[in-house]
file my_file_10.pdb (PDB, C-alpha atoms)
ATOM      1  CA  MET U   1     180.967  88.516 -36.298
ATOM      2  CA  ILE U   2     180.415  91.677 -38.244
ATOM      3  CA  GLN U   3     177.326  93.781 -37.970
ATOM      4  CA  THR U   4     175.607  96.501 -39.878
ATOM      5  CA  GLN U   5     173.122  98.997 -38.534
ATOM      6  CA  ALA U   6     169.769  98.652 -40.256
ATOM      7  CA  LYS U   7     170.333 101.297 -42.905
ATOM      8  CA  GLN U   8     172.153  99.826 -45.888
ATOM      9  CA  LEU U   9     174.348  96.798 -46.398
ATOM     10  CA  LYS U  10     177.384  98.281 -48.073
ATOM     11  CA  GLY U  11     179.319  95.938 -50.286
ATOM     12  CA  PHE U  12     176.381  93.633 -50.905
ATOM     13  CA  SER U  13     173.677  93.651 -53.548
ATOM     14  CA  GLY U  14     170.168  94.628 -52.605
ATOM     15  CA  ASN U  15     168.520  97.276 -50.466
ATOM     16  CA  ILE U  16     167.849  95.923 -46.996
ATOM     17  CA  THR U  17     165.408  98.692 -46.180
ATOM     18  CA  ALA U  18     162.901  97.206 -48.612
ATOM     19  CA  THR U  19     159.737  96.015 -46.910
ATOM     20  CA  LEU U  20     159.015  92.492 -48.080
ATOM     21  CA  THR U  21     156.673  91.420 -45.327
ATOM     22  CA  HIS U  22     154.568  89.367 -47.717
ATOM     23  CA  ARG U  23     157.468  86.909 -47.999
ATOM     24  CA  MET U  24     157.132  85.736 -44.399
ATOM     25  CA  GLY U  25     154.456  85.049 -41.837
ATOM     26  CA  LEU U  26     154.667  88.512 -40.232
ATOM     27  CA  CYS U  27     152.608  90.191 -42.923
ATOM     28  CA  ASP U  28     150.979  93.058 -41.015
ATOM     29  CA  ASP U  29     152.248  96.158 -39.247
ATOM     30  CA  GLN U  30     151.919  94.955 -35.660
ATOM     31  CA  HIS U  31     155.592  93.968 -35.280
ATOM     32  CA  LYS U  32     157.136  96.919 -37.096
ATOM     33  CA  HIS U  33     158.763  99.418 -34.803
ATOM     34  CA  SER U  34     160.748 102.592 -34.474
ATOM     35  CA  ARG U  35     164.237 101.318 -35.082
ATOM     36  CA  THR U  36     166.910 101.590 -32.372
ATOM     37  CA  ASN U  37     170.274 103.002 -33.406
ATOM     38  CA  ILE U  38     172.559 100.340 -31.995
ATOM     39  CA  VAL U  39     175.728 102.275 -32.804
ATOM     40  CA  GLU U  40     174.453 105.109 -30.630
ATOM     41  CA  MET U  41     173.785 102.576 -27.868
ATOM     42  CA  LEU U  42     177.342 101.282 -28.118
ATOM     43  CA  LEU U  43     178.806 104.782 -28.098
ATOM     44  CA  SER U  44     176.709 105.954 -25.139
ATOM     45  CA  GLY U  45     179.518 105.413 -22.631
ATOM     46  CA  GLN U  46     177.548 102.707 -20.828
ATOM     47  CA  MET U  47     178.427  99.011 -21.147
ATOM     48  CA  VAL U  48     175.862  97.422 -23.469
ATOM     49  CA  LYS U  49     174.828  93.972 -22.182
ATOM     50  CA  ILE U  50     174.168  91.575 -25.044
ATOM     51  CA  SER U  51     172.660  88.095 -25.346
ATOM     52  CA  ALA U  52     174.645  86.115 -27.918
ATOM     53  CA  PRO U  53     173.336  84.263 -30.972
ATOM     54  CA  MET U  54     172.965  80.627 -29.864
ATOM     55  CA  VAL U  55     171.664  77.941 -32.211
ATOM     56  CA  ARG U  56     168.398  76.471 -30.860
ATOM     57  CA  TYR U  57     168.540  78.588 -27.709
ATOM     58  CA  SER U  58     168.342  82.344 -28.341
ATOM     59  CA  LYS U  59     164.864  82.312 -29.841
ATOM     60  CA  LEU U  60     162.016  84.633 -28.888
ATOM     61  CA  PRO U  61     161.054  82.972 -25.563
ATOM     62  CA  PHE U  62     164.606  83.074 -24.188
ATOM     63  CA  ARG U  63     165.134  86.608 -25.481
ATOM     64  CA  THR U  64     161.939  87.620 -23.695
ATOM     65  CA  LEU U  65     163.237  86.118 -20.449
ATOM     66  CA  VAL U  66     166.659  87.812 -20.457
ATOM     67  CA  ARG U  67     165.193  91.183 -21.443
ATOM     68  CA  GLY U  68     163.401  91.077 -18.096
ATOM     69  CA  TYR U  69     166.794  90.905 -16.365
ATOM     70  CA  ASP U  70     168.610  93.951 -17.752
ATOM     71  CA  CYS U  71     169.770  92.547 -21.081
ATOM     72  CA  ASP U  72     170.076  95.552 -23.416
ATOM     73  CA  LEU U  73     170.328  93.846 -26.811
ATOM     74  CA  CYS U  74     169.495  90.373 -28.123
ATOM     75  CA  PHE U  75     170.653  88.391 -31.143
ATOM     76  CA  THR U  76     168.680  85.662 -32.879
ATOM     77  CA  PRO U  77     170.249  82.247 -33.394
ATOM     78  CA  MET U  78     172.326  81.913 -36.552
ATOM     79  CA  ILE U  79     170.064  81.518 -39.594
ATOM     80  CA  VAL U  80     171.400  80.050 -42.849
ATOM     81  CA  ALA U  81     170.471  82.681 -45.423
ATOM     82  CA  ASN U  82     169.915  80.581 -48.550
ATOM     83  CA  PRO U  83     167.154  78.253 -47.287
ATOM     84  CA  PHE U  84     165.643  81.139 -45.329
ATOM     85  CA  VAL U  85     165.179  83.078 -48.557
ATOM     86  CA  ARG U  86     163.893  80.101 -50.535
ATOM     87  CA  SER U  87     161.527  78.459 -48.045
ATOM     88  CA  ILE U  88     158.478  79.818 -46.251
ATOM     89  CA  LYS U  89     158.732  76.841 -43.895
ATOM     90  CA  ALA U  90     162.310  77.807 -43.004
ATOM     91  CA  ARG U  91     161.280  81.417 -42.370
ATOM     92  CA  ASP U  92     158.403  80.385 -40.124
ATOM     93  CA  SER U  93     160.696  78.022 -38.203
ATOM     94  CA  GLU U  94     163.760  80.224 -37.888
ATOM     95  CA  PHE U  95     162.471  83.733 -37.218
ATOM     96  CA  THR U  96     159.776  84.752 -34.762
ATOM     97  CA  THR U  97     159.459  88.075 -32.996
ATOM     98  CA  ASN U  98     156.929  90.396 -31.379
ATOM     99  CA  SER U  99     156.574  94.053 -30.462
ATOM    100  CA  GLY U 100     158.484  93.653 -27.181
ATOM    101  CA  ASP U 101     161.453  91.938 -28.793
ATOM    102  CA  ARG U 102     163.557  95.088 -29.235
ATOM    103  CA  PRO U 103     166.282  95.998 -29.904
ATOM    104  CA  LEU U 104     167.049  92.920 -32.014
ATOM    105  CA  VAL U 105     169.889  91.840 -34.303
ATOM    106  CA  VAL U 106     169.317  88.969 -36.746
ATOM    107  CA  GLN U 107     172.360  86.807 -37.432
ATOM    108  CA  PHE U 108     172.851  85.093 -40.787
ATOM    109  CA  ALA U 109     175.386  82.683 -42.214
ATOM    110  CA  ALA U 110     175.880  83.231 -45.931
ATOM    111  CA  SER U 111     178.409  82.269 -48.592
ATOM    112  CA  ASN U 112     177.646  85.159 -50.934
ATOM    113  CA  GLY U 113     176.408  88.729 -50.785
ATOM    114  CA  LYS U 114     173.161  88.199 -52.658
ATOM    115  CA  ASP U 115     171.864  85.549 -50.225
ATOM    116  CA  LEU U 116     172.745  87.787 -47.291
ATOM    117  CA  ALA U 117     171.106  90.854 -48.832
ATOM    118  CA  ASP U 118     167.957  88.922 -49.815
ATOM    119  CA  ALA U 119     167.627  87.449 -46.312
ATOM    120  CA  ALA U 120     168.256  90.857 -44.749
ATOM    121  CA  GLU U 121     165.503  92.567 -46.720
ATOM    122  CA  ILE U 122     163.001  89.990 -45.467
ATOM    123  CA  VAL U 123     163.671  90.586 -41.768
ATOM    124  CA  ILE U 124     164.753  94.203 -41.614
ATOM    125  CA  PRO U 125     161.248  95.652 -41.024
ATOM    126  CA  PHE U 126     161.314  93.714 -37.740
ATOM    127  CA  ALA U 127     164.950  94.168 -36.658
ATOM    128  CA  ASP U 128     167.502  96.812 -35.729
ATOM    129  CA  GLY U 129     170.595  95.271 -37.313
ATOM    130  CA  ILE U 130     171.968  92.398 -39.387
ATOM    131  CA  ASP U 131     174.902  90.247 -38.284
ATOM    132  CA  LEU U 132     177.123  88.075 -40.494
ATOM    133  CA  ASN U 133     178.609  85.071 -38.716
ATOM    134  CA  CYS U 134     182.318  84.947 -39.555
ATOM    135  CA  GLY U 135     183.327  82.043 -37.319
ATOM    136  CA  CYS U 136     181.529  80.111 -34.598
ATOM    137  CA  PRO U 137     182.798  80.631 -31.998
ATOM    138  CA  GLN U 138     186.531  81.048 -32.738
ATOM    139  CA  SER U 139     187.294  84.348 -34.397
ATOM    140  CA  VAL U 140     190.939  85.371 -33.996
ATOM    141  CA  HIS U 141     194.069  84.168 -35.770
ATOM    142  CA  GLU U 142     197.205  83.097 -33.936
ATOM    143  CA  ASP U 143     198.843  86.015 -35.713
ATOM    144  CA  LEU U 144     196.689  88.818 -34.323
ATOM    145  CA  GLN U 145     197.857  91.223 -36.998
ATOM    146  CA  ARG U 146     196.006  89.088 -39.557
ATOM    147  CA  THR U 147     192.867  89.494 -37.469
ATOM    148  CA  VAL U 148     193.412  93.239 -37.338
ATOM    149  CA  ASP U 149     193.882  93.362 -41.114
ATOM    150  CA  LEU U 150     190.678  91.380 -41.719
ATOM    151  CA  CYS U 151     188.674  93.588 -39.370
ATOM    152  CA  ARG U 152     190.023  96.724 -41.039
ATOM    153  CA  GLN U 153     188.865  95.347 -44.397
ATOM    154  CA  ALA U 154     185.406  94.762 -42.942
ATOM    155  CA  GLU U 155     185.430  98.270 -41.485
ATOM    156  CA  ALA U 156     186.346  99.695 -44.897
ATOM    157  CA  ALA U 157     183.417  97.760 -46.430
ATOM    158  CA  GLY U 158     181.024  99.682 -44.196
ATOM    159  CA  ILE U 159     180.250  97.559 -41.131
ATOM    160  CA  SER U 160     178.758  99.375 -38.151
ATOM    161  CA  TRP U 161     180.383  97.421 -35.321
ATOM    162  CA  ILE U 162     182.188  94.132 -34.700
ATOM    163  CA  THR U 163     182.009  91.398 -32.058
ATOM    164  CA  VAL U 164     185.192  89.507 -31.156
ATOM    165  CA  HIS U 165     185.427  86.078 -29.581
ATOM    166  CA  GLY U 166     189.050  85.957 -28.464
ATOM    167  CA  ARG U 167     189.947  82.358 -29.262
ATOM    168  CA  THR U 168     191.693  80.659 -32.143
ATOM    169  CA  PRO U 169     190.364  77.378 -33.628
ATOM    170  CA  ALA U 170     192.910  75.488 -31.501
ATOM    171  CA  GLU U 171     191.719  77.127 -28.288
ATOM    172  CA  ARG U 172     188.119  75.967 -28.113
ATOM    173  CA  LYS U 173     188.426  75.017 -24.434
ATOM    174  CA  GLN U 174     191.169  77.470 -23.489
ATOM    175  CA  PRO U 175     190.591  80.852 -21.820
ATOM    176  CA  ALA U 176     189.653  83.645 -24.194
ATOM    177  CA  ARG U 177     192.198  86.344 -24.955
ATOM    178  CA  PRO U 178     190.940  89.747 -23.795
ATOM    179  CA  HIS U 179     194.115  91.398 -25.065
ATOM    180  CA  ALA U 180     193.040  90.450 -28.606
ATOM    181  CA  THR U 181     189.873  92.479 -28.144
ATOM    182  CA  ALA U 182     191.865  95.339 -26.620
ATOM    183  CA  LEU U 183     194.137  95.334 -29.675
ATOM    184  CA  LEU U 184     191.189  95.472 -32.060
ATOM    185  CA  ARG U 185     189.547  98.183 -29.998
ATOM    186  CA  SER U 186     192.632 100.364 -30.442
ATOM    187  CA  ALA U 187     192.980  99.521 -34.150
ATOM    188  CA  LEU U 188     189.406 100.156 -35.305
ATOM    189  CA  SER U 189     187.130 103.173 -35.473
ATOM    190  CA  VAL U 190     183.853 101.225 -35.259
ATOM    191  CA  PRO U 191     182.541 100.005 -31.879
ATOM    192  CA  VAL U 192     183.867  96.660 -30.632
ATOM    193  CA  VAL U 193     182.000  94.092 -28.514
ATOM    194  CA  ILE U 194     183.828  91.448 -26.467
ATOM    195  CA  ASN U 195     182.608  87.855 -26.103
ATOM    196  CA  GLY U 196     184.006  84.876 -24.213
ATOM    197  CA  ASP U 197     184.530  83.702 -20.614
ATOM    198  CA  VAL U 198     181.993  85.987 -18.953
ATOM    199  CA  HIS U 199     180.325  84.251 -16.008
ATOM    200  CA  ASN U 200     178.917  87.142 -13.972
ATOM    201  CA  LEU U 201     178.248  90.860 -14.168
ATOM    202  CA  GLN U 202     181.387  91.841 -12.258
ATOM    203  CA  GLN U 203     183.528  89.887 -14.697
ATOM    204  CA  ALA U 204     181.744  91.575 -17.616
ATOM    205  CA  GLN U 205     182.491  94.984 -16.137
ATOM    206  CA  LYS U 206     186.172  94.155 -15.559
ATOM    207  CA  LEU U 207     186.583  92.891 -19.128
ATOM    208  CA  GLN U 208     184.895  95.977 -20.496
ATOM    209  CA  GLN U 209     187.215  98.216 -18.503
ATOM    210  CA  PHE U 210     190.335  96.224 -19.466
ATOM    211  CA  THR U 211     189.607  96.101 -23.195
ATOM    212  CA  GLY U 212     187.723  99.364 -23.671
ATOM    213  CA  ALA U 213     185.011  97.390 -25.465
ATOM    214  CA  HIS U 214     181.695  99.133 -26.006
ATOM    215  CA  GLY U 215     179.615  96.099 -25.107
ATOM    216  CA  VAL U 216     179.871  92.623 -23.585
ATOM    217  CA  MET U 217     178.184  89.598 -25.162
ATOM    218  CA  VAL U 218     177.381  86.471 -23.117
ATOM    219  CA  ALA U 219     176.279  83.032 -24.320
ATOM    220  CA  ARG U 220     176.444  79.873 -22.196
ATOM    221  CA  SER U 221     176.513  81.635 -18.836
ATOM    222  CA  LEU U 222     173.185  83.286 -19.669
ATOM    223  CA  LEU U 223     171.640  79.883 -20.335
ATOM    224  CA  ALA U 224     172.562  78.817 -16.806
ATOM    225  CA  ASN U 225     171.688  82.174 -15.251
ATOM    226  CA  PRO U 226     169.370  84.338 -17.386
ATOM    227  CA  ALA U 227     169.492  86.968 -14.604
ATOM    228  CA  LEU U 228     173.281  87.402 -14.925
ATOM    229  CA  PHE U 229     173.094  90.932 -16.325
ATOM    230  CA  ALA U 230     170.911  92.004 -13.406
ATOM    231  CA  GLY U 231     173.790  91.192 -11.061
ATOM    232  CA  PHE U 232     172.659  87.812  -9.721
ATOM    233  CA  GLU U 233     175.611  85.500  -9.044
ATOM    234  CA  THR U 234     173.334  82.470  -9.287
ATOM    235  CA  MET U 235     169.963  82.054 -10.893
ATOM    236  CA  PRO U 236     167.144  83.367  -8.658
ATOM    237  CA  ALA U 237     163.997  81.303  -8.202
ATOM    238  CA  ASP U 238     162.022  84.102  -9.833
ATOM    239  CA  CYS U 239     163.813  83.264 -13.059
ATOM    240  CA  ILE U 240     162.161  79.842 -13.118
ATOM    241  CA  SER U 241     158.768  81.378 -12.410
ATOM    242  CA  ASP U 242     159.317  83.892 -15.200
ATOM    243  CA  TRP U 243     160.326  81.123 -17.618
ATOM    244  CA  LEU U 244     157.119  79.244 -16.808
ATOM    245  CA  ALA U 245     155.098  82.398 -17.503
ATOM    246  CA  VAL U 246     156.918  83.154 -20.773
ATOM    247  CA  SER U 247     156.561  79.557 -21.944
ATOM    248  CA  THR U 248     152.837  79.579 -21.233
ATOM    249  CA  ARG U 249     152.292  82.924 -22.929
ATOM    250  CA  LEU U 250     154.302  82.115 -26.059
ATOM    251  CA  GLY U 251     153.425  78.442 -26.382
ATOM    252  CA  VAL U 252     156.923  76.987 -26.075
ATOM    253  CA  PRO U 253     157.246  73.320 -27.188
ATOM    254  CA  PHE U 254     157.927  70.920 -24.342
ATOM    255  CA  ALA U 255     161.428  69.975 -25.528
ATOM    256  CA  THR U 256     162.517  73.630 -25.525
ATOM    257  CA  PHE U 257     160.700  74.426 -22.278
ATOM    258  CA  HIS U 258     162.300  71.448 -20.541
ATOM    259  CA  HIS U 259     165.805  71.868 -21.955
ATOM    260  CA  HIS U 260     166.113  75.481 -20.843
ATOM    261  CA  LEU U 261     165.085  74.442 -17.340
ATOM    262  CA  CYS U 262     167.711  71.680 -17.410
ATOM    263  CA  LEU U 263     170.367  74.271 -18.226
ATOM    264  CA  MET U 264     169.096  76.690 -15.581
ATOM    265  CA  LEU U 265     168.994  74.056 -12.840
ATOM    266  CA  GLU U 266     172.291  72.352 -13.708
ATOM    267  CA  PRO U 267     174.565  74.598 -11.584
ATOM    268  CA  ILE U 268     172.409  74.255  -8.469
ATOM    269  CA  THR U 269     171.512  70.547  -8.533
ATOM    270  CA  SER U 270     173.383  67.337  -7.790
ATOM    271  CA  ARG U 271     174.116  64.768 -10.494
ATOM    272  CA  PRO U 272     171.302  62.411  -9.349
ATOM    273  CA  GLU U 273     168.880  65.362  -9.274
ATOM    274  CA  ARG U 274     169.926  66.435 -12.763
ATOM    275  CA  TRP U 275     169.520  62.905 -14.085
ATOM    276  CA  HIS U 276     166.025  62.671 -12.618
ATOM    277  CA  PHE U 277     164.942  66.051 -13.939
ATOM    278  CA  GLN U 278     166.372  65.425 -17.403
ATOM    279  CA  HIS U 279     164.272  62.275 -17.733
ATOM    280  CA  LEU U 280     160.951  63.925 -16.955
ATOM    281  CA  SER U 281     158.775  63.561 -20.027
ATOM    282  CA  SER U 282     155.781  65.859 -19.616
ATOM    283  CA  THR U 283     154.948  69.412 -18.612
ATOM    284  CA  ALA U 284     152.864  68.113 -15.722
ATOM    285  CA  ALA U 285     155.800  66.101 -14.372
ATOM    286  CA  VAL U 286     158.100  69.135 -14.624
ATOM    287  CA  LEU U 287     155.617  71.392 -12.828
ATOM    288  CA  ASP U 288     155.137  68.807 -10.073
ATOM    289  CA  TYR U 289     158.894  68.548  -9.616
ATOM    290  CA  LEU U 290     159.348  72.312  -9.417
ATOM    291  CA  HIS U 291     156.519  72.643  -6.918
ATOM    292  CA  LEU U 292     157.862  69.831  -4.740
ATOM    293  CA  HIS U 293     161.507  70.927  -4.716
ATOM    294  CA  TYR U 294     161.318  74.710  -5.116
ATOM    295  CA  GLY U 295     157.798  75.661  -4.096
ATOM    296  CA  ILE U 296     157.111  77.079  -7.556
TER
END
call {"tool": "encode", "arguments": {"input": "my_file_10.pdb", "output": "C-alpha cells"}}
result
Amino acid sequence: MIQTQAKQLKGFSGNITATLTHRMGLCDDQHKHSRTNIVEMLLSGQMVKISAPMVRYSKLPFRTLVRGYDCDLCFTPMIVANPFVRSIKARDSEFTTNSGDRPLVVQFAASNGKDLADAAEIVIPFADGIDLNCGCPQSVHEDLQRTVDLCRQAEAAGISWITVHGRTPAERKQPARPHATALLRSALSVPVVINGDVHNLQQAQKLQQFTGAHGVMVARSLLANPALFAGFETMPADCISDWLAVSTRLGVPFATFHHHLCLMLEPITSRPERWHFQHLSSTAAVLDYLHLHYGI
C-alpha cells in the first residue's frame, strides 16, 4: 500500500484539497476537522499502532471501538474508486465518519490516476490521508530487489509513507517476512509501516524494533481482540460491553453487530458454543446469550 499525506496527490490529476462536500451525504461542516500530520506521527519516535483496512470490517463502528483501546490511526475498508465517484449510493454505503473518527486514512483501489484523484477530492475534507491499495494482502516479490525498485519509484512519485505486508502471492498462509520490511526501511527515505503476523502488543513491539518500522498495522488479530493495542493478551469482557454501546449509538445492522461478536468470541469459546452463537438470529437472542454466559 502506498499513502499520501492529505496535501496533494503528486503524479495524479486533480487537486485533492478541493472541498466537494456536496457530492456526498456529509454536506455540512460538522465532520471537518483540523487535519493530523500522519508523517509527523510516524516520525515521532513512538510506535504508531494502526488498524488495517479490512473489507466489510473496518467501518466506523469498529474504528470507534479500537480507538478506545489505544489504536493511534485507523484505515477505512478498501473502496473501489470508480463507482464511488459515480454513485451517490456507493458513497453513502462505503464511507461514513464522524468528528471522533480521527486520524483517518481512506483506502482506494483504482486503475487510473483520474479515478483516484476524483475519489480523493470527495473524501479529503473528512480524512487525514489517502491510501492506494497495491496488493491485497501480498505485497512483496520473491526477488526483493524488485520490491525495493517499485517502492523507490513510488517514493519518487511523491508518496508520504508506505505499508508493507511481507508475503509473496505464493505465501498466503506462510509466515510474513519481517526482513523484507527491514530491507525496505533501510532503502527508503519515507516512513515504513509493517503489517503481517502480529497477534499481541509485545509481538508488535518486537517487530518494530527488529525492522525499524515507524508503525505496526494489525488486521485479523484486532477483529478477535480489539483491545490488542492496549496490551490485553485476550479480549477483555469490557470490549463486548463497549461494542454493544457503540452498536447502539451508531445503529449497526444486526448482521454486522453479530458477526463482529462472533469474531471476538471465537478464540475463547468451544466449537459447540461458537456454532450456537453463530446461529442466533436476533439482537434480543444475542443479548440474552451474553447476559447468561458473561453477565453482560
call {"tool": "resolve_selection", "arguments": {"input": "my_file_10.pdb", "expression": "the PyMOL selection byres ((chain U and resi 221) around 12)", "output": "MDAnalysis selection string"}}
result
chainID U and resid 50:52 54 66 195:201 203:204 217:220 222:229 232:235 263:264 266:267
call {"tool": "resolve_selection", "arguments": {"input": "my_file_10.pdb", "expression": "the PyMOL selection byres ((chain U and resi 193) around 8)", "output": "PyMOL selection string"}}
result
chain U and resi 161-164+191-192+194-195+213-217
call {"tool": "resolve_selection", "arguments": {"input": "my_file_10.pdb", "expression": "the PyMOL selection byres ((chain U and resi 182) around 8)", "output": "ChimeraX atom specification"}}
result
/U:178-181,183-186,210-213
call {"tool": "atom_distance", "arguments": {"input": "my_file_10.pdb", "atom1": "atom CA of U:Ala156", "atom2": "atom CA of U:Val106"}}
result
21.7 Å
call {"tool": "closest_residue", "arguments": {"input": "my_file_10.pdb", "among": "U:Ile130, U:Pro253, U:Arg146, U:Ala154", "to": "U:Leu116", "atoms": "only C-alpha atoms"}}
result
U:Ile130
call {"tool": "closest_residue", "arguments": {"input": "my_file_10.pdb", "among": "U:Val105, U:Cys239, U:Ala157, U:Leu250", "to": "U:Gly129", "atoms": "all atoms listed in the file"}}
result
U:Val105
call {"tool": "closest_residue", "arguments": {"input": "my_file_10.pdb", "among": "U:Arg35, U:Leu104, U:Gly45, U:Ala119", "to": "U:Ser87", "atoms": "only C-alpha atoms"}}
result
U:Ala119
call {"tool": "atom_distance", "arguments": {"input": "my_file_10.pdb", "atom1": "atom CA of U:His165", "atom2": "atom CA of U:Asn133"}}
result
11.4 Å
call {"tool": "closest_residue", "arguments": {"input": "my_file_10.pdb", "among": "U:Gln153, U:Gln46, U:Asn82, U:Asn98", "to": "U:Leu60", "atoms": "all atoms listed in the file"}}
result
U:Asn98
